[in-house]
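Here the structure comes first, spelled out in structure tokens, and everything after it is commentary.
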Amino acid sequence: MSKTFETTVEIKGAIGSTFTEAFRKANHGLVDLKGEARAVQRELDRLGQDFRQGKIHQSQYTEETQKLGSELKSLEREMKDATSAQKRFAQETATAKRQMEEQALAAKARNKALVADLQAGVGNAVGRTRAVATIVGVGTAAAATATAIQSINVAADFEAQLSKVAAKADASKEEMLALRQTALELGASTSLSAPETALAMDELAAGGMDVNAIIAAMPGIIAGAEASGEDLSLVSNTVSSALSIWGLKAEEASRVSDVLAEAANRSAASVEDMSFAFKYAGAPAANLGKTLEETAAAVAIITNNGIDGSTAGTALRAGLLALNNPVKSQQKMMDKYGISVHDSSDEMLSMSGVIRELQDSLQGMSEAEQTAILAKLVGTEAVSAFFIFS
């Protein structure tokens, strides 16, 4: 019977090691895809900066962003497939672990029966004492081994993740210690663990933040994840992207998190929807003077009408660019219906100002007439979203 428990311990150890290695391999592909997506996003950000500085024309900007947007959509589909595969892997892992636990419980039950037999007088006193000692010792060893395996895996993953953060943020030894201390403190004081916190730190480092910025941003990001109920890594990546797009400081991570949580709690827009929408519409919206809050509000309104974040972002980008710099036929139509989206300084109106202008100009028309006019003004790609505003 002791041999049974020894085998169980060996199997648990092997499974703990195998599961960890298999998960790392499964996760590697997703990490690579995320890296490619971040590279495309950085290129989109660079194009936005060049457009804002007048280095490229709007036609060049629109053409290149459409190409990169298509590539980003393809990567997003691959990431969704990889995420689904991870979920299936996790379910299979959980099933295997349950089976092992059931086997261990069955072995424990058999040992209890043996103890009862021994206590009833089967065998001599010395034999009883030795048998019970062996069973209790092996059972304790099994539990301790399983706990140790889990602790070692978690600790190793935590340190490995921190090392990635330190490498990406070019951290000194002292800064590495500061990162570790912050992750441990946040893991102890919030609903999230230290390894989860380290994973979010890695997203920020990949986005170009230095150590001080990462430490400053983390409390707000965790608060946002707790408030919205979304995955911490997703919130971290979205906050990092928004800070970059709107040129905000790391200390304003709480502001971004509040916006994401508010959108998630008051509309159909999830943080993932906001993440996709910011990728497509964030830079153009920011370049045209639209704040984070009004951009998020526009996305929330669009998604509340059954449109996903990716489509909402694409539509918002296309519509804003078309209205800001209309071609001759579009300008003629805007003049005809008295539509003007610029103020006296030739700056584009706020998002709410643009919406009011469209509503006032199209008021009293049938839905068919409004759709036809909007399709010509903002294009077929954006008409479904902008019709919601009219």
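Letters A, B, ... go to the chains of the structure tokens in the order shown; residues in each chain start at 1; ligands are counted from 1 in the same order.
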> Leaving out Arg317 of chain A and any residue of its chain fewer than 4 positions from it, which residues lie within 9 Å of it when counting only C-alpha atoms, given as a list in words?
Replying inline: Tyr280, Ala281, Gly282, Ala283, Pro284, Ala285, Ala312, Gly313, Leu321, Ala322 and Ala382 of chain A
>> Please list as JSON, numbers by chain every residue within 12 Å of Ser329 of chain A, counting only C-alpha atoms and excluding residues in the same chain fewer than 6 positions away.
In response: {"A": [322, 323, 335, 336, 373, 376, 377, 378]}
Keeping N, CA and C atoms for every residue in the selection just given, could you write it to a file as an mmCIF file, in the first residue's frame?
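This is the output file out-v8.cif:
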```
data_model
loop_
_atom_site.group_PDB
_atom_site.id
_atom_site.type_symbol
_atom_site.label_atom_id
_atom_site.label_comp_id
_atom_site.auth_asym_id
_atom_site.auth_seq_id
_atom_site.Cartn_x
_atom_site.Cartn_y
_atom_site.Cartn_z
ATOM 1 N N ALA A 322 -13.361 61.230 -42.802
ATOM 2 C CA ALA A 322 -14.142 61.708 -43.942
ATOM 3 C C ALA A 322 -14.759 63.074 -43.649
ATOM 4 N N LEU A 323 -15.295 63.250 -42.451
ATOM 5 C CA LEU A 323 -15.927 64.521 -42.091
ATOM 6 C C LEU A 323 -14.894 65.637 -41.925
ATOM 7 N N ASP A 335 -22.475 71.348 -47.516
ATOM 8 C CA ASP A 335 -22.939 72.727 -47.718
ATOM 9 C C ASP A 335 -24.443 72.751 -47.964
ATOM 10 N N LYS A 336 -24.919 71.785 -48.737
ATOM 11 C CA LYS A 336 -26.349 71.731 -49.073
ATOM 12 C C LYS A 336 -27.203 71.596 -47.823
ATOM 13 N N ILE A 373 -27.822 59.945 -46.992
ATOM 14 C CA ILE A 373 -26.931 61.112 -46.847
ATOM 15 C C ILE A 373 -25.682 60.740 -46.074
ATOM 16 N N LYS A 376 -23.076 58.763 -47.998
ATOM 17 C CA LYS A 376 -22.257 59.577 -48.900
ATOM 18 C C LYS A 376 -21.255 60.441 -48.125
ATOM 19 N N LEU A 377 -21.631 60.834 -46.898
ATOM 20 C CA LEU A 377 -20.748 61.702 -46.097
ATOM 21 C C LEU A 377 -19.602 60.933 -45.435
ATOM 22 N N VAL A 378 -19.912 59.794 -44.821
ATOM 23 C CA VAL A 378 -18.889 59.083 -44.042
ATOM 24 C C VAL A 378 -18.453 57.776 -44.684
#
```
> When distances are computed from only C-alpha atoms, which of A:Glu63, A:Glu76, A:Glu272, A:Asp157 shows the smallest separation from Leu260 of chain A?
Replying inline: A:Glu272
> A:Leu199, A:Leu320, A:Leu47, A:Ala368: which is nearest Ser350 of chain A, counting only C-alpha atoms?
Replying inline: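 Once distances to Ser350 of chain A are computed over only C-alpha atoms, the minimum belongs to A:Leu320.
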> Using only C-alpha atoms, which residues sit within 9 Å of Ala296 of chain A once same-chain residues fewer than 6 positions away are excluded, as a ChimeraX atom specification?
Replying inline: /A:259-260,263,274,277-278
Can you write out the residues you just picked, keeping N, CA, C and O atoms, as a PDB file, in the first residue's frame?
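And here is the file that came out, result.pdb:
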```pdb
ATOM      1  N   VAL A 259     -12.428  55.128 -16.840  1.00  0.00           N
ATOM      2  CA  VAL A 259     -13.195  55.239 -18.088  1.00  0.00           C
ATOM      3  C   VAL A 259     -13.575  53.844 -18.593  1.00  0.00           C
ATOM      4  O   VAL A 259     -14.718  53.606 -19.001  1.00  0.00           O
ATOM      5  N   LEU A 260     -12.627  52.915 -18.560  1.00  0.00           N
ATOM      6  CA  LEU A 260     -12.890  51.552 -19.028  1.00  0.00           C
ATOM      7  C   LEU A 260     -13.948  50.876 -18.162  1.00  0.00           C
ATOM      8  O   LEU A 260     -14.864  50.213 -18.673  1.00  0.00           O
ATOM      9  N   ALA A 263     -17.404  52.388 -18.819  1.00  0.00           N
ATOM     10  CA  ALA A 263     -17.950  51.911 -20.095  1.00  0.00           C
ATOM     11  C   ALA A 263     -18.439  50.466 -19.969  1.00  0.00           C
ATOM     12  O   ALA A 263     -19.513  50.114 -20.471  1.00  0.00           O
ATOM     13  N   MET A 274     -13.186  48.011 -26.081  1.00  0.00           N
ATOM     14  CA  MET A 274     -12.481  49.290 -26.026  1.00  0.00           C
ATOM     15  C   MET A 274     -11.055  49.147 -26.566  1.00  0.00           C
ATOM     16  O   MET A 274     -10.541  50.031 -27.255  1.00  0.00           O
ATOM     17  N   ALA A 277     -11.291  49.029 -30.313  1.00  0.00           N
ATOM     18  CA  ALA A 277     -11.723  50.332 -30.826  1.00  0.00           C
ATOM     19  C   ALA A 277     -10.596  51.351 -30.759  1.00  0.00           C
ATOM     20  O   ALA A 277     -10.395  52.137 -31.692  1.00  0.00           O
ATOM     21  N   PHE A 278      -9.836  51.353 -29.654  1.00  0.00           N
ATOM     22  CA  PHE A 278      -8.719  52.286 -29.512  1.00  0.00           C
ATOM     23  C   PHE A 278      -7.645  52.015 -30.562  1.00  0.00           C
ATOM     24  O   PHE A 278      -6.996  52.947 -31.054  1.00  0.00           O
TER      25      PHE A 278
END
```
> To one decimal place, how far is atom CA of Glu252 of chain A from atom CA of Asn237 of chain A in Å?
Replying inline: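 Spanning atom CA of Glu252 of chain A to atom CA of Asn237 of chain A is a straight-line distance of 14.5 Å.
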> Within 6 Å of Ala261 of chain A, counting only C-alpha atoms, which residues qualify if same-chain residues fewer than 6 places away don't, as a ChimeraX atom specification?
Replying inline: /A:224,227-228
> With only C-alpha atoms as the atoms that count, which of A:Ala286, A:Ile215, A:Ala225, A:Ile302 lies nearest to Gly247 of chain A?
Replying inline: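 For Gly247 of chain A, the nearest of the candidates is A:Ala286.
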>> Just the number, please: distance in Å from atom CA of Arg255 of chain A to atom CA of Ile221 of chain A, one decimal.
In response: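 One can read the atom CA of Arg255 of chain A to atom CA of Ile221 of chain A distance as 9.4 Å.
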> Skipping near chain neighbours, those fewer than 3 positions away, what residues fall within 8 Å of Asp45 of chain A using only C-alpha atoms, listed as a list in words?
Replying inline: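 Using only C-alpha atoms, the neighbours found are Gln41, Arg42, Gly48, Gln49, Ile245 and Ala283 of chain A.
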>> Report, in Å with one decimal, the straight-line distance from atom CA of Ser233 of chain A to atom CA of Ala200 of chain A.
In response: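 Distance between the two atoms: 4.8 Å.
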>> Among segment 219-292 of chain A, which ones does DSSP assign to alpha helix (DSSP H) (computed from the backbone)? Answer as a PyMOL selection string.
In response: chain A and resi 219-228+232-245+253-266+271-277+283-287+292
> Quick one: of A:Ser59, A:Ser352, A:Ser270, A:Ser244, who's nearest to Ala300 of chain A, counting only C-alpha atoms?
Replying inline: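 Selected residue with least distance to Ala300 of chain A: A:Ser270.
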